[in-house]
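Structure, as structure tokens:
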Amino acid sequence: MSFDHTAMRQAVIDTACALQAAGLIVGTAGNVSVRCDEGFLVTPSGMPYDELQTTDIVAIDHNGTAHGCRIPSSEWRIHRDVYAQRNEAGAVVHTHSPFATALACQRRDVPAFHYMVARFGGANVRCCGYATFGTQALSGQVLAALSGRTACLMANHGMLVFGRELKHARLLAAELEALCEQYWRALQAGPPALLDDAQIIEALSAFANFGQE
Ligand SMILES: [Zn+2]
């Protein structure tokens with residue numbers, strides 16, 4: 001098993017750096033992965049993203065065995081479980097971005113206050129229950145909150161999104177952070193009006209027809 005994938009490794013680094021430049025990743029808090037034939041490629045634990053070389057990216061095979069000279073991100077189990085359970089996932093992004101994390105610390109779901117909530121698969125983006133970072137328990141919480149969705153908030157922690165490929169996942173992460181900021185700001189004037197189920201179903205079908213990608 002070679003796990004070469006030099007271009008894919010560089011794309012993981014570029015994605016992490018772009019998320020950092022956009023303010024979604026601060027310091028080394030956050031991680032990025034992409035699916036490959038042998039398993040997936042994930043950012044290493046605790047290394048500054050702008051110093052990463054392609055050989056620092058850790059390959060993890062279908063058995064959960066890490067290949068490479070670095071320790072994988074502490075949240076590699078979540079990435080593994082997303083790829084195992086969600087066939088449509090080609091890339092996963094986890095961040096502690098400011099507004100998503102602020103809402104996650106309130107343990108609030110993002111409700112249907114804006115039609116863009118439907119972008120993530122339904123009438124809300126759920127906040128999962130709390131578990132210690134890096135644990136299998138946290139992965140279980142995240143996978144449950146992702147049911148029928150492509151994103152969730154993580155209680156007292158941050159957020160996670162997946163997309164078809166790295167750019168898609170990066171854009172969805174930016175959209176989720178923007179949505180969380182809008183919800184946070186809307187709350188300042190009191191509880192916002194919420195869309196009903198029929199309006200969300202219409203938004204879902206409009207996204208299916210037009211994509212809005
Ligand atoms: Zn984290």
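Just remember, in the structure tokens the first chain shown is A, the second B, etc., residues are 1-based per chain, and ligands are 1-based in the order shown.
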
Checklist line | Site check for ligand 1: residues at most 6 Å away, only C-alpha atoms and all ligand atoms, as a VMD selection string | finding: chain A and resid 29 to 30 157

Next item on the list: Would you list the contacts of Asp4 in chain A as a list of chain:residue names, taking every protein, DNA or RNA residue within 12 Å and counting only C-alpha atoms, but skipping same-chain residues closer than 3 positions in sequence?
Entry: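 Listing them by chain and then by number gives A:Met1, A:Ala7, A:Met8, A:Arg9, A:Gln10, A:Cys36, A:Asp37, A:Glu38, A:Phe40, A:Leu41, A:Thr54, A:Thr55, A:Asp56, A:Ile57, A:Val58, A:Ala59, A:His67, A:Gly68.
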
Notebook entry, point to check: What lies within 9 Å of Ala173 in chain A using only C-alpha atoms, ignoring chain neighbours under 5 positions off, as a PyMOL selection string?
Noted result: chain A and resi 19+24+93-95+97+151+159-162+168+178

Next item on the list: From a DSSP calculation on the backbone, collect every residue of range 10-204 of chain A in strand (DSSP E) and output the set as a VMD selection string.
Entry: chain A and resid 30 to 36 39 to 42 58 to 61 66 to 67 91 to 95 127 to 128 151 to 154 158 to 163

Notebook entry, point to check: Distance CA of Val92 in chain A-CA of Ile201 in chain A, one decimal place?
Noted result: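 Taking CA of Val92 in chain A as the start and CA of Ile201 in chain A as the end point, the length is 25.6 Å.
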
Notebook entry, point to check: Tell me, which residues of range 25-159 of chain A carry DSSP helix (DSSP H, G or I), written as a PyMOL selection string?
Noted result: chain A and resi 49-51+54-56+76-85+98-105+115-120+136-145

Check: From the list A:Ala144, A:Ala102, A:Ala208, A:Val12, which residue is nearest Arg86 in chain A when using only C-alpha atoms?
Finding: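 For Arg86 in chain A, the nearest of the given residues is A:Ala144.
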
If you count only C-alpha atoms, which residues fall within 10 Å of range 104-113 of chain A, apart from same-chain ones fewer than 5 positions away, as a PDB file with N, CA, C and O atoms, in the first residue's frame?
```
ATOM      1  N   HIS A  96     -12.924  25.129  14.953  1.00  0.00           N
ATOM      2  CA  HIS A  96     -13.449  25.810  16.136  1.00  0.00           C
ATOM      3  C   HIS A  96     -13.783  27.245  15.723  1.00  0.00           C
ATOM      4  O   HIS A  96     -13.454  28.187  16.440  1.00  0.00           O
ATOM      5  N   PRO A  98     -15.377  30.869  15.108  1.00  0.00           N
ATOM      6  CA  PRO A  98     -15.908  31.624  16.253  1.00  0.00           C
ATOM      7  C   PRO A  98     -17.420  31.538  16.475  1.00  0.00           C
ATOM      8  O   PRO A  98     -17.855  31.268  17.594  1.00  0.00           O
ATOM      9  N   PHE A  99     -18.227  31.782  15.466  1.00  0.00           N
ATOM     10  CA  PHE A  99     -19.667  31.846  15.721  1.00  0.00           C
ATOM     11  C   PHE A  99     -20.280  30.451  15.850  1.00  0.00           C
ATOM     12  O   PHE A  99     -21.178  30.232  16.667  1.00  0.00           O
ATOM     13  N   ALA A 118     -31.175  24.822   5.018  1.00  0.00           N
ATOM     14  CA  ALA A 118     -31.489  23.628   4.207  1.00  0.00           C
ATOM     15  C   ALA A 118     -30.294  23.153   3.383  1.00  0.00           C
ATOM     16  O   ALA A 118     -30.272  22.022   2.904  1.00  0.00           O
ATOM     17  N   GLY A 122     -31.540  19.734   5.886  1.00  0.00           N
ATOM     18  CA  GLY A 122     -32.859  19.682   6.519  1.00  0.00           C
ATOM     19  C   GLY A 122     -33.221  20.981   7.212  1.00  0.00           C
ATOM     20  O   GLY A 122     -32.705  22.044   6.874  1.00  0.00           O
ATOM     21  N   ALA A 123     -34.108  20.874   8.195  1.00  0.00           N
ATOM     22  CA  ALA A 123     -34.689  22.056   8.829  1.00  0.00           C
ATOM     23  C   ALA A 123     -33.846  22.603   9.982  1.00  0.00           C
ATOM     24  O   ALA A 123     -34.241  23.578  10.614  1.00  0.00           O
ATOM     25  N   ASN A 124     -32.713  21.989  10.248  1.00  0.00           N
ATOM     26  CA  ASN A 124     -31.833  22.517  11.290  1.00  0.00           C
ATOM     27  C   ASN A 124     -30.420  21.972  11.072  1.00  0.00           C
ATOM     28  O   ASN A 124     -30.203  21.072  10.259  1.00  0.00           O
ATOM     29  N   VAL A 125     -29.491  22.575  11.785  1.00  0.00           N
ATOM     30  CA  VAL A 125     -28.167  21.970  11.942  1.00  0.00           C
ATOM     31  C   VAL A 125     -28.066  21.660  13.427  1.00  0.00           C
ATOM     32  O   VAL A 125     -28.125  22.568  14.266  1.00  0.00           O
ATOM     33  N   ARG A 126     -27.974  20.372  13.745  1.00  0.00           N
ATOM     34  CA  ARG A 126     -28.029  19.972  15.153  1.00  0.00           C
ATOM     35  C   ARG A 126     -26.707  20.249  15.877  1.00  0.00           C
ATOM     36  O   ARG A 126     -25.643  20.235  15.263  1.00  0.00           O
ATOM     37  N   CYS A 127     -26.831  20.438  17.189  1.00  0.00           N
ATOM     38  CA  CYS A 127     -25.648  20.472  18.050  1.00  0.00           C
ATOM     39  C   CYS A 127     -25.595  19.133  18.780  1.00  0.00           C
ATOM     40  O   CYS A 127     -26.561  18.753  19.448  1.00  0.00           O
ATOM     41  N   CYS A 128     -24.491  18.424  18.643  1.00  0.00           N
ATOM     42  CA  CYS A 128     -24.395  17.103  19.287  1.00  0.00           C
ATOM     43  C   CYS A 128     -24.097  17.251  20.773  1.00  0.00           C
ATOM     44  O   CYS A 128     -23.752  18.337  21.248  1.00  0.00           O
ATOM     45  N   GLY A 129     -24.237  16.171  21.509  1.00  0.00           N
ATOM     46  CA  GLY A 129     -23.929  16.175  22.933  1.00  0.00           C
ATOM     47  C   GLY A 129     -22.425  16.283  23.166  1.00  0.00           C
ATOM     48  O   GLY A 129     -21.621  16.079  22.251  1.00  0.00           O
ATOM     49  N   TYR A 130     -22.052  16.597  24.400  1.00  0.00           N
ATOM     50  CA  TYR A 130     -20.642  16.781  24.712  1.00  0.00           C
ATOM     51  C   TYR A 130     -19.949  15.446  24.984  1.00  0.00           C
ATOM     52  O   TYR A 130     -20.510  14.560  25.630  1.00  0.00           O
ATOM     53  N   ALA A 145     -25.613  13.259  15.281  1.00  0.00           N
ATOM     54  CA  ALA A 145     -26.104  14.598  14.931  1.00  0.00           C
ATOM     55  C   ALA A 145     -26.064  14.835  13.424  1.00  0.00           C
ATOM     56  O   ALA A 145     -26.802  15.678  12.899  1.00  0.00           O
ATOM     57  N   CYS A 152     -22.761  19.499  11.564  1.00  0.00           N
ATOM     58  CA  CYS A 152     -23.317  19.629  12.914  1.00  0.00           C
ATOM     59  C   CYS A 152     -22.407  20.541  13.721  1.00  0.00           C
ATOM     60  O   CYS A 152     -21.249  20.760  13.375  1.00  0.00           O
ATOM     61  N   LEU A 153     -22.987  21.074  14.803  1.00  0.00           N
ATOM     62  CA  LEU A 153     -22.195  21.741  15.827  1.00  0.00           C
ATOM     63  C   LEU A 153     -21.815  20.694  16.858  1.00  0.00           C
ATOM     64  O   LEU A 153     -22.480  19.660  16.982  1.00  0.00           O
ATOM     65  N   MET A 154     -20.746  20.953  17.591  1.00  0.00           N
ATOM     66  CA  MET A 154     -20.237  20.019  18.601  1.00  0.00           C
ATOM     67  C   MET A 154     -20.188  20.744  19.939  1.00  0.00           C
ATOM     68  O   MET A 154     -19.452  21.726  20.089  1.00  0.00           O
ATOM     69  N   ALA A 155     -20.987  20.275  20.902  1.00  0.00           N
ATOM     70  CA  ALA A 155     -21.176  20.983  22.171  1.00  0.00           C
ATOM     71  C   ALA A 155     -19.850  21.363  22.814  1.00  0.00           C
ATOM     72  O   ALA A 155     -18.953  20.521  22.953  1.00  0.00           O
ATOM     73  N   ASN A 156     -19.733  22.652  23.192  1.00  0.00           N
ATOM     74  CA  ASN A 156     -18.555  23.165  23.893  1.00  0.00           C
ATOM     75  C   ASN A 156     -17.254  22.823  23.163  1.00  0.00           C
ATOM     76  O   ASN A 156     -16.220  22.565  23.789  1.00  0.00           O
ATOM     77  N   HIS A 157     -17.338  22.854  21.808  1.00  0.00           N
ATOM     78  CA  HIS A 157     -16.175  22.432  21.036  1.00  0.00           C
ATOM     79  C   HIS A 157     -16.083  23.179  19.690  1.00  0.00           C
ATOM     80  O   HIS A 157     -15.195  24.016  19.543  1.00  0.00           O
ATOM     81  N   GLY A 158     -16.974  22.919  18.742  1.00  0.00           N
ATOM     82  CA  GLY A 158     -16.817  23.527  17.420  1.00  0.00           C
ATOM     83  C   GLY A 158     -17.831  23.011  16.440  1.00  0.00           C
ATOM     84  O   GLY A 158     -18.996  22.813  16.787  1.00  0.00           O
ATOM     85  N   MET A 159     -17.403  22.770  15.211  1.00  0.00           N
ATOM     86  CA  MET A 159     -18.320  22.284  14.174  1.00  0.00           C
ATOM     87  C   MET A 159     -17.611  21.304  13.252  1.00  0.00           C
ATOM     88  O   MET A 159     -16.375  21.235  13.214  1.00  0.00           O
ATOM     89  N   LEU A 176     -21.465  27.588   6.743  1.00  0.00           N
ATOM     90  CA  LEU A 176     -22.008  27.283   8.075  1.00  0.00           C
ATOM     91  C   LEU A 176     -21.580  28.349   9.080  1.00  0.00           C
ATOM     92  O   LEU A 176     -22.389  28.808   9.897  1.00  0.00           O
ATOM     93  N   LEU A 179     -23.665  31.350   8.496  1.00  0.00           N
ATOM     94  CA  LEU A 179     -25.027  31.111   8.989  1.00  0.00           C
ATOM     95  C   LEU A 179     -25.081  31.253  10.514  1.00  0.00           C
ATOM     96  O   LEU A 179     -26.013  31.849  11.060  1.00  0.00           O
ATOM     97  N   CYS A 180     -24.075  30.726  11.179  1.00  0.00           N
ATOM     98  CA  CYS A 180     -24.028  30.816  12.644  1.00  0.00           C
ATOM     99  C   CYS A 180     -23.861  32.266  13.087  1.00  0.00           C
ATOM    100  O   CYS A 180     -24.468  32.698  14.074  1.00  0.00           O
ATOM    101  N   GLN A 182     -24.959  34.871  11.382  1.00  0.00           N
ATOM    102  CA  GLN A 182     -26.262  35.511  11.130  1.00  0.00           C
ATOM    103  C   GLN A 182     -27.260  35.161  12.230  1.00  0.00           C
ATOM    104  O   GLN A 182     -28.022  36.019  12.697  1.00  0.00           O
ATOM    105  N   TYR A 183     -27.253  33.908  12.655  1.00  0.00           N
ATOM    106  CA  TYR A 183     -28.187  33.493  13.713  1.00  0.00           C
ATOM    107  C   TYR A 183     -27.834  34.201  15.023  1.00  0.00           C
ATOM    108  O   TYR A 183     -28.705  34.719  15.720  1.00  0.00           O
ATOM    109  N   TRP A 184     -26.531  34.240  15.314  1.00  0.00           N
ATOM    110  CA  TRP A 184     -26.075  34.909  16.535  1.00  0.00           C
ATOM    111  C   TRP A 184     -26.525  36.380  16.529  1.00  0.00           C
ATOM    112  O   TRP A 184     -27.052  36.892  17.521  1.00  0.00           O
ATOM    113  N   ALA A 186     -28.957  37.756  14.704  1.00  0.00           N
ATOM    114  CA  ALA A 186     -30.424  37.858  14.714  1.00  0.00           C
ATOM    115  C   ALA A 186     -30.956  37.710  16.137  1.00  0.00           C
ATOM    116  O   ALA A 186     -31.905  38.398  16.532  1.00  0.00           O
ATOM    117  N   PRO A 191     -35.853  36.319  19.546  1.00  0.00           N
ATOM    118  CA  PRO A 191     -35.918  35.095  18.730  1.00  0.00           C
ATOM    119  C   PRO A 191     -36.371  35.413  17.305  1.00  0.00           C
ATOM    120  O   PRO A 191     -37.393  36.058  17.125  1.00  0.00           O
ATOM    121  N   PRO A 192     -35.598  35.003  16.273  1.00  0.00           N
ATOM    122  CA  PRO A 192     -36.017  35.292  14.899  1.00  0.00           C
ATOM    123  C   PRO A 192     -37.216  34.447  14.477  1.00  0.00           C
ATOM    124  O   PRO A 192     -37.473  33.398  15.059  1.00  0.00           O
ATOM    125  N   ALA A 193     -37.948  34.932  13.472  1.00  0.00           N
ATOM    126  CA  ALA A 193     -39.030  34.142  12.869  1.00  0.00           C
ATOM    127  C   ALA A 193     -38.422  32.908  12.217  1.00  0.00           C
ATOM    128  O   ALA A 193     -37.331  32.983  11.642  1.00  0.00           O
ATOM    129  N   LEU A 194     -39.133  31.790  12.322  1.00  0.00           N
ATOM    130  CA  LEU A 194     -38.632  30.537  11.733  1.00  0.00           C
ATOM    131  C   LEU A 194     -39.481  30.125  10.550  1.00  0.00           C
ATOM    132  O   LEU A 194     -40.707  30.336  10.538  1.00  0.00           O
ATOM    133  N   LEU A 195     -38.832  29.546   9.555  1.00  0.00           N
ATOM    134  CA  LEU A 195     -39.548  28.974   8.406  1.00  0.00           C
ATOM    135  C   LEU A 195     -40.260  27.701   8.851  1.00  0.00           C
ATOM    136  O   LEU A 195     -39.804  27.001   9.759  1.00  0.00           O
ATOM    137  N   ASP A 196     -41.395  27.403   8.193  1.00  0.00           N
ATOM    138  CA  ASP A 196     -42.101  26.169   8.554  1.00  0.00           C
ATOM    139  C   ASP A 196     -41.594  25.012   7.688  1.00  0.00           C
ATOM    140  O   ASP A 196     -40.778  25.200   6.768  1.00  0.00           O
ATOM    141  N   ASP A 197     -42.099  23.808   7.983  1.00  0.00           N
ATOM    142  CA  ASP A 197     -41.593  22.610   7.294  1.00  0.00           C
ATOM    143  C   ASP A 197     -41.788  22.703   5.781  1.00  0.00           C
ATOM    144  O   ASP A 197     -40.914  22.324   5.004  1.00  0.00           O
ATOM    145  N   GLN A 199     -41.907  25.329   3.902  1.00  0.00           N
ATOM    146  CA  GLN A 199     -40.954  26.282   3.306  1.00  0.00           C
ATOM    147  C   GLN A 199     -39.555  25.679   3.218  1.00  0.00           C
ATOM    148  O   GLN A 199     -38.824  25.925   2.251  1.00  0.00           O
ATOM    149  N   ILE A 200     -39.200  24.877   4.213  1.00  0.00           N
ATOM    150  CA  ILE A 200     -37.892  24.205   4.157  1.00  0.00           C
ATOM    151  C   ILE A 200     -37.882  23.147   3.057  1.00  0.00           C
ATOM    152  O   ILE A 200     -36.890  23.012   2.320  1.00  0.00           O
TER     153      ILE A 200
END
```

Next item on the list: Pick out the closest residue to His5 in chain A from this set: A:Arg80, A:Arg35, A:Leu138, A:Thr150. Count only C-alpha atoms.
Entry: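 Looking only at the distances to His5 in chain A, the closest residue turns out to be A:Arg35.
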